[in-house]
2 protein chains.
Amino acid sequence: MNFYMPTMVYQEKDAVKKHSEQMAGYGKKALIVTGKHSSKQNGALQDVMDGLEKYNTSYVVFDQIMENPTIDSVREGAALGREEGADFVIGIGGGSPMDAAKAIALIIQNRDSSTEVLYQQISLRHLPVVEVPTTCGTGSEVTPYAILTRDDLQTKQSISHLVFPELALVDGKYLENTPLSVITNTAIDALGHMLESYFHTKATDYSRMLCQYAMEVWGTATGILFGMEAEKEDYDKLMFASSLAGMAISHTGTSLPHGMSYYLTYHKAIPHGKAVGLFLPGYLSVLPEEYEAQVIMALRALGFGSTEQFSGFIREMLGTVELTENEKQAIVGEIAGNQKKMEAAPFAVTEEQLGQMIKEMEK
Amino acid sequence: MNFYMPTMVYQEKDAVKKHSEQMAGYGKKALIVTGKHSSKQNGALQDVMDGLEKYNTSYVVFDQIMENPTIDSVREGAALGREEGADFVIGIGGGSPMDAAKAIALIIQNRDSSTEVLYQQISLRHLPVVEVPTTCGTGSEVTPYAILTRDDLQTKQSISHLVFPELALVDGKYLENTPLSVITNTAIDALGHMLESYFHTKATDYSRMLCQYAMEVWGTATGILFGMEAEKEDYDKLMFASSLAGMAISHTGTSLPHGMSYYLTYHKAIPHGKAVGLFLPGYLSVLPEEYEAQVIMALRALGFGSTEQFSGFIREMLGTVELTENEKQAIVGEIAGNQKKMEAAPFAVTEEQLGQMIKEMEK
């Protein structure tokens with residue numbers, strides 16, 4: 001088994017402010033990669049700009065990253081970064097800008113290469129990356145993954161290179177003004193990371209430790225999702241659980257629910273966390289009997305008394321989704337052809353079981 | 001709170017063999033730093049030499065590291081490394097050679113500087129370090145610390161620089177032919193890391209996660225210490241617990257028992273693990289009442305039903321030690337003057353409490 005987690009993580013109130021000297025020290029000019037709105041509303045972009053200015057590091061902002069970023073948007077960001085002479089990249093936001101920041105850091109460093117290198121199995125260097133998460137789901141601040149939308153394949157796929165951020169600055173305060181639907185969807189994405197990593201072919205005692213702790217932390221902070229008044233501490237916990245779950249999938253990767261979610265997101269525009277979460281009860285239901293005790297323990301750590309209670313929670317949070325027979329077949333066909341995700345499940349998965357995962361989703 | 005653990009760790013059977021390409025790739029010539037005997041007996045030195053030879057990386061062996069290495073021995077190792085043009089360092093053994101390897105890697109890289117730089121508060125680069133632990137206590141393979149004997153101060157002290165190994169290759173098989181006394185002493189050193197880090201001013205949820213998991217793993221593998229027949233798995237678990245505890249102290253450092261142990265080791269030649277362990281019941285006994293529930297939970301995770309049972313275990317494993325009044329006063333005086341260790345305890349420590357820790361040791 002292995003452990004490798006080279007990102008330096010600070011989680012605390014005003015993390016960006018407190019560590020802006022280090023953040024500003026990765027280069028002379030930062031390319032800030034973010035979305036159009038949220039990082040302006042939650043204050044993260046301002047915090048980063050203030051921190052850079054304080055230490056006289058110049059920057060340019062690329063705020064054109066949409067949800068489920070395309071290769072085109074990454075190309076655009078990289079072009080701006082090159083033009084402006086950026087020598088490091090700061091991603092701010094949810095998974096989309098943080099993942100895009102990694103891909104952009106790769107492209108800028110490799111001046112002669114087009115974006116095609118993103119999916120080539122070669123070894124490439126990349127500019128240093130700093131990540132500032134503002135949602136509680138992706139864990140991208142501590143993973144080497146960068147998942148982009150591939151229109152050529154009509155799905156989403158992580159680039160072939162592993163880009164660990166140098167620095168992750170994590171602060172629960174950015175969740176305070178985040179819409180509940182975003183908190184819910186991203187918290188459930190993190191939940192998917194925990195469960196998929198825990199029940200994964202590559203799970204080790206190291207990754208299970210991260211998952212177990214993540215589940216316990218997450219389980220104490222879900223009052224928010226049920227509409228209870230949130231305490232600042234709960235936001236910190238959801239952020240912390242998300243980072244831990246990110247560290248876990250850095251070691252194992254994800255499994256079938258993530259693999260199957262890409263279809264729903266690409267073809268039916270269902271947000272990532274929701275698309276993943278819908279498949280989670282089904283994933284637990286197809287795990288072989290020998291995992292039963294572990295499933296119960298995992299659910300208990302998360303605060304659920306039974307698989308039924310867990311399914312009820314998912315339904316309550318995410319609703320259901322209507323799929324045609326053709327769509328169902330397409331999902332099964334796509335995941336059955338995704339060798340990496342199929343092998344991620346710690347048992348030989350049948351097409352029947354994939355069908356069952358979809359059925360569970362419709363319950 | 002922060003998390004930083006950049007060492008790449010592989011723990012598995014034949015870890016050195018399986019990852020020798022990576023190990024051999026850190027340079028053109030390795031300086032192997034080890035002790036006189038154990039790494040020859042347990043096969044670790046041969047595994048490392050085989051791995052380097054397989055990938056045509058040359059090496060030179062410095063096998064003069066004694067327990068509690070002196071600055072002189074480090075200077076000697078560095079001189080050999082320079083002479084031979086070594087460009088990376090591999091430490092094999094317990095804490096002594098692994099710590100020495102880090103100090104040597106620092107000195108070789110800084111050709112103009114004498115060993116005095118070891119304790120200067122300046123920023124220095126160092127050669128890459130690979131560590132192969134053969135005991136189950138120090139965790140040095142995943143810490144940035146290098147503790148040397150300082151004859152000028154008549155104690156032991158970590159150098160001022162943080163040297164994280166690039167790579168740690170951990171394999172329980174090296175414990176199979178290790179004398180039980182060494183396993184016991186080092187397993188109790190690891191126990192000290194867990195308890196001191198868990199009850200530490202700098203403890204965070206990250207470091208507590210590492211401690212908690214370490215305690216649970218350690219608690220299932222202590223049959224060996226009681227003379228029960230060991231299974232290979234138990235050796236792996238003790239090694240794993242030791243690495244986890246090392247990761248924990250990488251974040252917090254150690255506390256009073258380690259600080260007080262140095263006197264016993266320097267002046268009374270008591271092995272490190274034993275010297276630490278003797279103070280552990282006393283440390284738990286002086287923790288303020290608010291820690292009571294946590295102490296009970298920690299001991300339970302370790303497999304102990306009560307503080308009395310824990311004290312009994314320490315006595316059974318380590319015996320007692322006779323100290324004169326002068327010696328007791330000297331221990332209290334030394335630790336009371338060690339600001340860093342005094343502040344490591346998560347409460348204001350009185351001299352009376354330090355005295356009580358010694359009394360507990362004599363029970």
# chains A, B, ... in the order shown; residues from 1 in each chain; ligands from 1
call {"tool": "interface_residues", "arguments": {"of": "chain B", "to": "chain A", "cutoff": "8 Å", "atoms": "only C-alpha atoms", "output": "list in words"}}
result
Met1, Asn2, Phe3, Tyr4, Met5, Pro6, Thr7, Met8, Val9, Tyr10, Gln11, Glu12, Met209 and Tyr213 of chain B
call {"tool": "calpha_fit_and_write", "arguments": {"fixed": "chain B", "moving": "chain A", "output": "short mmCIF file (atom, residue, chain, number, x, y, z; two decimals) with C-alpha atoms, in the first residue's frame"}}
result
data_model
loop_
_atom_site.label_atom_id
_atom_site.label_comp_id
_atom_site.auth_asym_id
_atom_site.auth_seq_id
_atom_site.Cartn_x
_atom_site.Cartn_y
_atom_site.Cartn_z
CA MET A 1 -4.60 23.55 11.35
CA ASN A 2 -2.26 22.20 8.76
CA PHE A 3 -1.38 18.98 7.00
CA TYR A 4 1.96 18.41 5.33
CA MET A 5 3.39 14.99 4.66
CA PRO A 6 5.36 15.07 1.41
CA THR A 7 7.20 11.75 1.80
CA MET A 8 6.11 9.06 -0.64
CA VAL A 9 5.48 5.95 1.43
CA TYR A 10 5.23 2.36 0.28
CA GLN A 11 4.47 -0.24 2.88
CA GLU A 12 4.33 -3.79 1.62
CA LYS A 13 6.22 -7.06 1.48
CA ASP A 14 9.45 -6.60 -0.49
CA ALA A 15 8.89 -2.85 -0.66
CA VAL A 16 12.58 -2.20 -1.40
CA LYS A 17 12.66 -4.71 -4.22
CA LYS A 18 9.38 -3.50 -5.70
CA HIS A 19 10.36 0.16 -5.68
CA SER A 20 14.07 -0.11 -6.29
CA GLU A 21 13.83 1.66 -9.64
CA GLN A 22 12.44 4.73 -7.91
CA MET A 23 14.92 4.38 -5.03
CA ALA A 24 17.85 4.09 -7.42
CA GLY A 25 16.65 7.07 -9.44
CA TYR A 26 17.35 9.83 -6.92
CA GLY A 27 20.93 10.19 -8.06
CA LYS A 28 24.03 8.59 -9.50
CA LYS A 29 25.67 7.47 -6.31
CA ALA A 30 24.04 6.66 -2.99
CA LEU A 31 25.59 6.99 0.43
CA ILE A 32 24.03 4.20 2.47
CA VAL A 33 23.94 5.12 6.15
CA THR A 34 23.40 2.29 8.60
CA GLY A 35 24.60 0.64 11.78
CA LYS A 36 27.20 -2.06 12.21
CA HIS A 37 25.02 -5.15 12.47
CA SER A 38 21.23 -5.20 12.32
CA SER A 39 20.68 -4.18 8.72
CA LYS A 40 23.07 -6.95 7.70
CA GLN A 41 21.21 -9.50 9.81
CA ASN A 42 17.68 -8.57 8.80
CA GLY A 43 18.48 -8.38 5.10
CA ALA A 44 17.60 -4.73 4.55
CA LEU A 45 21.11 -3.68 3.53
CA GLN A 46 21.33 -6.50 1.00
CA ASP A 47 17.91 -5.58 -0.42
CA VAL A 48 19.00 -1.97 -0.88
CA MET A 49 22.34 -2.91 -2.49
CA ASP A 50 20.59 -5.37 -4.82
CA GLY A 51 18.07 -2.70 -5.80
CA LEU A 52 20.77 -0.13 -6.56
CA GLU A 53 22.85 -2.61 -8.53
CA LYS A 54 19.86 -3.67 -10.58
CA TYR A 55 19.51 -0.11 -11.86
CA ASN A 56 23.24 0.56 -12.12
CA THR A 57 23.35 3.16 -9.40
CA SER A 58 26.62 3.02 -7.52
CA TYR A 59 26.86 3.32 -3.77
CA VAL A 60 29.13 3.42 -0.79
CA VAL A 61 28.22 2.08 2.64
CA PHE A 62 28.84 3.99 5.86
CA ASP A 63 27.99 1.52 8.63
CA GLN A 64 29.38 3.38 11.61
CA ILE A 65 26.17 4.77 13.10
CA MET A 66 25.77 3.79 16.74
CA GLU A 67 22.67 4.16 18.88
CA ASN A 68 22.01 7.82 19.67
CA PRO A 69 24.38 9.08 16.98
CA THR A 70 26.84 11.81 17.78
CA ILE A 71 27.63 14.84 15.67
CA ASP A 72 31.07 13.32 15.12
CA SER A 73 29.62 10.21 13.48
CA VAL A 74 27.46 12.38 11.25
CA ARG A 75 30.51 14.43 10.29
CA GLU A 76 32.39 11.25 9.45
CA GLY A 77 29.54 9.95 7.29
CA ALA A 78 29.25 13.24 5.47
CA ALA A 79 33.00 13.29 4.81
CA LEU A 80 32.81 9.85 3.23
CA GLY A 81 29.80 10.89 1.15
CA ARG A 82 31.59 13.97 -0.17
CA GLU A 83 34.76 12.10 -0.89
CA GLU A 84 32.81 9.51 -2.84
CA GLY A 85 30.64 12.02 -4.66
CA ALA A 86 27.35 10.71 -3.27
CA ASP A 87 24.35 12.69 -4.51
CA PHE A 88 21.67 11.06 -2.39
CA VAL A 89 21.47 9.29 0.95
CA ILE A 90 19.71 6.10 2.01
CA GLY A 91 19.21 5.50 5.73
CA ILE A 92 18.59 1.91 6.85
CA GLY A 93 17.76 0.87 10.39
CA GLY A 94 16.12 2.31 13.43
CA GLY A 95 15.92 5.97 14.31
CA SER A 96 19.66 6.38 14.72
CA PRO A 97 20.77 5.69 11.11
CA MET A 98 17.61 7.21 9.65
CA ASP A 99 18.09 10.44 11.59
CA ALA A 100 21.81 10.46 10.84
CA ALA A 101 21.04 10.05 7.12
CA LYS A 102 19.04 13.28 7.17
CA ALA A 103 21.78 15.24 8.93
CA ILE A 104 24.38 13.84 6.55
CA ALA A 105 22.23 14.76 3.52
CA LEU A 106 22.22 18.33 4.79
CA ILE A 107 25.94 18.55 5.41
CA ILE A 108 26.97 17.03 2.07
CA GLN A 109 24.79 19.42 0.12
CA ASN A 110 26.29 22.42 1.88
CA ARG A 111 29.91 21.86 1.07
CA ASP A 112 31.25 24.98 2.68
CA SER A 113 29.53 24.56 5.97
CA SER A 114 30.71 22.61 8.93
CA THR A 115 28.44 20.53 11.12
CA GLU A 116 27.75 23.65 13.14
CA VAL A 117 25.04 24.56 10.68
CA LEU A 118 23.00 21.66 12.01
CA TYR A 119 21.73 23.76 14.86
CA GLN A 120 21.53 27.13 13.15
CA GLN A 121 18.21 28.72 12.30
CA ILE A 122 18.90 29.20 8.63
CA SER A 123 17.38 27.75 5.51
CA LEU A 124 19.45 25.04 3.84
CA ARG A 125 18.92 22.59 1.02
CA HIS A 126 19.75 18.93 1.37
CA LEU A 127 20.38 15.89 -0.80
CA PRO A 128 17.39 13.59 -1.38
CA VAL A 129 16.90 11.05 1.40
CA VAL A 130 15.39 7.57 1.18
CA GLU A 131 14.63 5.72 4.42
CA VAL A 132 14.20 2.02 5.08
CA PRO A 133 13.04 1.42 8.67
CA THR A 134 13.90 -1.88 10.35
CA THR A 135 12.39 -1.17 13.76
CA CYS A 136 8.84 -0.24 14.67
CA GLY A 137 9.25 2.86 16.72
CA THR A 138 10.91 5.96 15.46
CA GLY A 139 8.71 6.88 12.51
CA SER A 140 11.77 8.74 11.25
CA GLU A 141 10.99 7.53 7.72
CA VAL A 142 8.13 10.04 7.62
CA THR A 143 9.30 12.79 9.94
CA PRO A 144 11.53 15.78 9.15
CA TYR A 145 13.40 15.34 12.43
CA ALA A 146 16.97 14.23 13.05
CA ILE A 147 17.80 13.81 16.70
CA LEU A 148 21.47 13.71 17.56
CA THR A 149 23.44 13.45 20.76
CA ARG A 150 24.88 16.80 21.79
CA ASP A 151 27.82 16.22 24.05
CA ASP A 152 28.21 19.98 24.40
CA LEU A 153 24.77 20.16 26.06
CA GLN A 154 24.87 16.65 27.54
CA THR A 155 21.56 15.73 25.96
CA LYS A 156 19.84 14.79 22.69
CA GLN A 157 18.32 17.39 20.38
CA SER A 158 16.77 17.51 16.95
CA ILE A 159 18.70 19.53 14.38
CA SER A 160 17.14 22.87 13.44
CA HIS A 161 16.35 21.91 9.86
CA LEU A 162 13.38 19.97 8.61
CA VAL A 163 14.45 17.16 6.29
CA PHE A 164 11.51 15.16 4.97
CA PRO A 165 12.61 11.96 3.24
CA GLU A 166 11.60 11.74 -0.42
CA LEU A 167 10.76 8.08 -0.14
CA ALA A 168 10.07 5.62 2.69
CA LEU A 169 10.13 1.89 1.96
CA VAL A 170 8.47 0.06 4.84
CA ASP A 171 8.45 -3.72 5.17
CA GLY A 172 7.43 -5.66 8.27
CA LYS A 173 9.65 -8.60 7.31
CA TYR A 174 12.71 -6.83 8.72
CA LEU A 175 11.22 -7.28 12.20
CA GLU A 176 11.06 -11.04 11.91
CA ASN A 177 14.56 -11.66 13.22
CA THR A 178 14.74 -8.62 15.44
CA PRO A 179 15.28 -9.33 19.17
CA LEU A 180 12.09 -8.99 21.19
CA SER A 181 13.68 -6.36 23.43
CA VAL A 182 14.24 -4.11 20.41
CA ILE A 183 10.70 -4.66 19.15
CA THR A 184 9.36 -3.84 22.61
CA ASN A 185 11.44 -0.73 23.11
CA THR A 186 10.67 0.65 19.68
CA ALA A 187 6.96 -0.23 19.80
CA ILE A 188 6.82 1.72 23.05
CA ASP A 189 8.62 4.64 21.43
CA ALA A 190 5.81 4.65 18.84
CA LEU A 191 3.28 4.46 21.67
CA GLY A 192 4.92 7.56 23.12
CA HIS A 193 4.55 9.34 19.77
CA MET A 194 0.84 8.50 19.69
CA LEU A 195 0.08 9.59 23.24
CA GLU A 196 2.31 12.64 23.25
CA SER A 197 0.98 13.83 19.91
CA TYR A 198 -2.62 13.14 20.87
CA PHE A 199 -2.29 15.16 24.08
CA HIS A 200 -0.30 18.02 22.59
CA THR A 201 -0.78 21.75 22.34
CA LYS A 202 -0.45 21.54 18.58
CA ALA A 203 -2.85 18.60 18.10
CA THR A 204 -5.38 19.13 15.32
CA ASP A 205 -8.03 16.95 13.78
CA TYR A 206 -5.47 15.89 11.19
CA SER A 207 -2.90 14.79 13.74
CA ARG A 208 -5.54 13.21 15.97
CA MET A 209 -6.82 11.18 13.03
CA LEU A 210 -3.33 9.78 12.54
CA CYS A 211 -2.94 9.05 16.26
CA GLN A 212 -6.33 7.40 16.59
CA TYR A 213 -5.75 5.09 13.67
CA ALA A 214 -2.23 4.35 14.88
CA MET A 215 -3.54 3.45 18.33
CA GLU A 216 -6.14 1.08 16.91
CA VAL A 217 -3.62 -0.66 14.68
CA TRP A 218 -1.02 -0.87 17.46
CA GLY A 219 -3.61 -2.21 19.88
CA THR A 220 -4.27 -5.24 17.71
CA ALA A 221 -0.62 -6.24 17.37
CA THR A 222 0.81 -6.19 20.86
CA GLY A 223 0.54 -9.94 21.42
CA ILE A 224 4.16 -10.12 20.26
CA LEU A 225 5.26 -7.96 23.18
CA PHE A 226 3.69 -10.41 25.61
CA GLY A 227 5.62 -13.26 24.07
CA MET A 228 2.79 -14.61 21.94
CA GLU A 229 3.76 -16.19 18.68
CA ALA A 230 3.92 -13.46 16.08
CA GLU A 231 2.20 -13.58 12.74
CA LYS A 232 3.74 -11.76 9.82
CA GLU A 233 0.73 -9.48 9.86
CA ASP A 234 1.56 -8.30 13.37
CA TYR A 235 4.96 -7.07 12.23
CA ASP A 236 3.30 -5.18 9.39
CA LYS A 237 0.87 -3.63 11.82
CA LEU A 238 3.57 -2.50 14.23
CA MET A 239 5.47 -0.95 11.32
CA PHE A 240 2.31 0.72 10.03
CA ALA A 241 1.41 2.09 13.47
CA SER A 242 4.93 3.44 13.78
CA SER A 243 4.69 5.27 10.45
CA LEU A 244 1.28 6.71 11.33
CA ALA A 245 2.60 7.89 14.69
CA GLY A 246 5.57 9.41 12.87
CA MET A 247 3.20 11.31 10.61
CA ALA A 248 1.38 12.55 13.70
CA ILE A 249 4.52 13.90 15.38
CA SER A 250 5.58 15.45 12.08
CA HIS A 251 2.64 17.76 12.71
CA THR A 252 2.85 18.25 16.46
CA GLY A 253 6.26 17.18 17.71
CA THR A 254 6.57 15.21 20.95
CA SER A 255 6.03 16.35 24.51
CA LEU A 256 7.29 15.85 28.06
CA PRO A 257 8.06 12.09 28.05
CA HIS A 258 10.39 12.49 25.08
CA GLY A 259 11.88 15.62 26.58
CA MET A 260 12.51 13.89 29.90
CA SER A 261 13.79 10.69 28.29
CA TYR A 262 16.87 12.37 26.90
CA TYR A 263 18.41 12.62 30.37
CA LEU A 264 17.95 8.90 31.01
CA THR A 265 19.44 8.00 27.68
CA TYR A 266 22.36 10.40 27.84
CA HIS A 267 23.34 9.93 31.47
CA LYS A 268 22.13 6.41 32.22
CA ALA A 269 22.37 4.74 28.80
CA ILE A 270 18.73 3.66 28.89
CA PRO A 271 17.48 2.84 25.37
CA HIS A 272 15.30 5.54 23.87
CA GLY A 273 11.99 3.66 23.74
CA LYS A 274 12.31 2.46 27.31
CA ALA A 275 13.32 5.90 28.51
CA VAL A 276 10.24 7.42 26.87
CA GLY A 277 7.86 4.68 27.96
CA LEU A 278 8.81 4.99 31.63
CA PHE A 279 7.37 8.51 31.65
CA LEU A 280 4.13 7.74 29.79
CA PRO A 281 1.96 6.68 32.75
CA GLY A 282 3.14 9.80 34.56
CA TYR A 283 2.26 12.01 31.60
CA LEU A 284 -1.27 10.66 31.50
CA SER A 285 -1.55 11.07 35.27
CA VAL A 286 -0.76 14.80 35.22
CA LEU A 287 -3.13 15.67 32.36
CA PRO A 288 -5.92 17.91 33.69
CA GLU A 289 -9.27 16.35 34.49
CA GLU A 290 -10.86 17.61 31.28
CA TYR A 291 -8.76 15.06 29.37
CA GLU A 292 -9.99 12.10 31.40
CA ALA A 293 -12.52 10.84 28.86
CA GLN A 294 -10.02 11.19 26.02
CA VAL A 295 -7.36 9.32 28.01
CA ILE A 296 -9.77 6.44 28.58
CA MET A 297 -10.71 6.36 24.89
CA ALA A 298 -7.07 6.43 23.81
CA LEU A 299 -6.16 3.62 26.19
CA ARG A 300 -9.12 1.58 25.00
CA ALA A 301 -8.04 1.99 21.38
CA LEU A 302 -4.62 0.72 22.46
CA GLY A 303 -6.19 -2.27 24.14
CA PHE A 304 -5.97 -1.17 27.80
CA GLY A 305 -9.00 -1.14 30.05
CA SER A 306 -7.73 1.42 32.55
CA THR A 307 -4.81 3.65 33.48
CA GLU A 308 -3.80 1.04 36.08
CA GLN A 309 -3.69 -1.65 33.45
CA PHE A 310 -1.60 0.64 31.27
CA SER A 311 0.86 1.37 34.10
CA GLY A 312 1.09 -2.34 34.78
CA PHE A 313 1.90 -2.99 31.12
CA ILE A 314 4.69 -0.42 31.14
CA ARG A 315 6.14 -1.86 34.34
CA GLU A 316 5.95 -5.39 32.97
CA MET A 317 7.60 -4.44 29.70
CA LEU A 318 10.19 -1.98 30.94
CA GLY A 319 10.76 -2.62 34.63
CA THR A 320 11.65 0.33 36.79
CA VAL A 321 14.72 2.49 37.11
CA GLU A 322 16.52 3.65 40.22
CA LEU A 323 17.27 7.34 40.41
CA THR A 324 19.07 9.39 43.06
CA GLU A 325 17.54 12.61 44.35
CA ASN A 326 20.15 14.54 42.39
CA GLU A 327 19.22 12.77 39.19
CA LYS A 328 15.55 13.47 39.73
CA GLN A 329 16.28 17.13 40.28
CA ALA A 330 18.44 17.19 37.20
CA ILE A 331 15.64 15.71 35.07
CA VAL A 332 13.15 18.26 36.38
CA GLY A 333 15.65 21.08 35.88
CA GLU A 334 16.46 20.03 32.32
CA ILE A 335 12.88 19.66 31.16
CA ALA A 336 11.73 22.81 32.97
CA GLY A 337 14.33 24.68 30.95
CA ASN A 338 13.21 23.13 27.67
CA GLN A 339 10.64 25.70 26.62
CA LYS A 340 9.59 23.85 23.49
CA LYS A 341 8.73 20.64 25.30
CA MET A 342 7.12 22.46 28.22
CA GLU A 343 4.85 24.32 25.81
CA ALA A 344 4.06 21.07 24.02
CA ALA A 345 1.98 19.91 26.98
CA PRO A 346 -1.52 21.31 26.54
CA PHE A 347 -1.61 22.80 30.04
CA ALA A 348 0.62 24.88 32.31
CA VAL A 349 3.04 22.33 33.75
CA THR A 350 4.29 22.80 37.31
CA GLU A 351 7.55 21.46 38.74
CA GLU A 352 5.41 19.47 41.12
CA GLN A 353 3.81 17.70 38.20
CA LEU A 354 7.20 16.95 36.69
CA GLY A 355 8.14 15.43 40.04
CA GLN A 356 4.96 13.38 39.96
CA MET A 357 5.82 12.04 36.51
CA ILE A 358 9.08 10.73 37.96
CA LYS A 359 7.33 9.28 40.99
CA GLU A 360 4.88 7.41 38.76
CA MET A 361 7.87 5.94 37.00
CA GLU A 362 9.23 4.49 40.23
CA LYS A 363 5.99 2.85 41.29
#
call {"tool": "select_by_dssp", "arguments": {"residues": "stretch 144-237 of chain A", "states": "helix (DSSP H, G or I)", "output": "VMD selection string"}}
result
chain A and resid 172 to 175 180 to 198 205 to 219 222 to 226 232 to 237
call {"tool": "select_by_dssp", "arguments": {"residues": "stretch 115-202 of chain B", "states": "strand (DSSP E)", "output": "JSON, numbers by chain"}}
result
{"B": [129, 130, 131, 132, 133, 147, 148, 149, 150, 155, 156, 157, 158, 167, 168, 169, 170]}
call {"tool": "decode", "arguments": {"residues": "stretch 91-107 of chain A", "atoms": "N, CA and C atoms", "output": "PDB file, in the first residue's frame"}}
result
ATOM      1  N   GLY A  91      -6.294  28.435  -8.444  1.00  0.00           N
ATOM      2  CA  GLY A  91      -7.690  28.089  -8.730  1.00  0.00           C
ATOM      3  C   GLY A  91      -8.559  28.451  -7.536  1.00  0.00           C
ATOM      4  N   ILE A  92      -9.687  29.102  -7.800  1.00  0.00           N
ATOM      5  CA  ILE A  92     -10.613  29.469  -6.717  1.00  0.00           C
ATOM      6  C   ILE A  92     -12.008  29.020  -7.101  1.00  0.00           C
ATOM      7  N   GLY A  93     -12.649  28.231  -6.233  1.00  0.00           N
ATOM      8  CA  GLY A  93     -14.028  27.864  -6.499  1.00  0.00           C
ATOM      9  C   GLY A  93     -14.309  26.423  -6.166  1.00  0.00           C
ATOM     10  N   GLY A  94     -15.257  25.860  -6.884  1.00  0.00           N
ATOM     11  CA  GLY A  94     -15.546  24.450  -6.734  1.00  0.00           C
ATOM     12  C   GLY A  94     -14.604  23.636  -7.605  1.00  0.00           C
ATOM     13  N   GLY A  95     -15.001  22.417  -7.896  1.00  0.00           N
ATOM     14  CA  GLY A  95     -14.141  21.532  -8.667  1.00  0.00           C
ATOM     15  C   GLY A  95     -13.817  22.065 -10.052  1.00  0.00           C
ATOM     16  N   SER A  96     -14.761  22.776 -10.661  1.00  0.00           N
ATOM     17  CA  SER A  96     -14.536  23.206 -12.045  1.00  0.00           C
ATOM     18  C   SER A  96     -13.330  24.134 -12.176  1.00  0.00           C
ATOM     19  N   PRO A  97     -13.285  25.275 -11.476  1.00  0.00           N
ATOM     20  CA  PRO A  97     -12.090  26.118 -11.591  1.00  0.00           C
ATOM     21  C   PRO A  97     -10.829  25.469 -11.016  1.00  0.00           C
ATOM     22  N   MET A  98     -10.979  24.692  -9.944  1.00  0.00           N
ATOM     23  CA  MET A  98      -9.768  24.076  -9.377  1.00  0.00           C
ATOM     24  C   MET A  98      -9.174  23.047 -10.336  1.00  0.00           C
ATOM     25  N   ASP A  99     -10.043  22.253 -10.967  1.00  0.00           N
ATOM     26  CA  ASP A  99      -9.539  21.288 -11.946  1.00  0.00           C
ATOM     27  C   ASP A  99      -8.961  22.011 -13.168  1.00  0.00           C
ATOM     28  N   ALA A 100      -9.673  23.026 -13.618  1.00  0.00           N
ATOM     29  CA  ALA A 100      -9.206  23.783 -14.787  1.00  0.00           C
ATOM     30  C   ALA A 100      -7.839  24.397 -14.506  1.00  0.00           C
ATOM     31  N   ALA A 101      -7.642  24.881 -13.274  1.00  0.00           N
ATOM     32  CA  ALA A 101      -6.353  25.499 -12.918  1.00  0.00           C
ATOM     33  C   ALA A 101      -5.205  24.515 -13.124  1.00  0.00           C
ATOM     34  N   LYS A 102      -5.433  23.255 -12.769  1.00  0.00           N
ATOM     35  CA  LYS A 102      -4.377  22.253 -12.938  1.00  0.00           C
ATOM     36  C   LYS A 102      -4.055  22.031 -14.416  1.00  0.00           C
ATOM     37  N   ALA A 103      -5.121  21.893 -15.220  1.00  0.00           N
ATOM     38  CA  ALA A 103      -4.903  21.663 -16.652  1.00  0.00           C
ATOM     39  C   ALA A 103      -4.195  22.867 -17.281  1.00  0.00           C
ATOM     40  N   ILE A 104      -4.583  24.045 -16.869  1.00  0.00           N
ATOM     41  CA  ILE A 104      -3.974  25.272 -17.398  1.00  0.00           C
ATOM     42  C   ILE A 104      -2.504  25.352 -16.989  1.00  0.00           C
ATOM     43  N   ALA A 105      -2.201  24.960 -15.757  1.00  0.00           N
ATOM     44  CA  ALA A 105      -0.812  24.991 -15.279  1.00  0.00           C
ATOM     45  C   ALA A 105       0.072  24.058 -16.110  1.00  0.00           C
ATOM     46  N   LEU A 106      -0.516  22.996 -16.584  1.00  0.00           N
ATOM     47  CA  LEU A 106       0.208  22.048 -17.430  1.00  0.00           C
ATOM     48  C   LEU A 106       0.461  22.631 -18.813  1.00  0.00           C
ATOM     49  N   ILE A 107      -0.582  23.218 -19.367  1.00  0.00           N
ATOM     50  CA  ILE A 107      -0.460  23.713 -20.748  1.00  0.00           C
ATOM     51  C   ILE A 107       0.507  24.892 -20.816  1.00  0.00           C
TER      52      ILE A 107
END
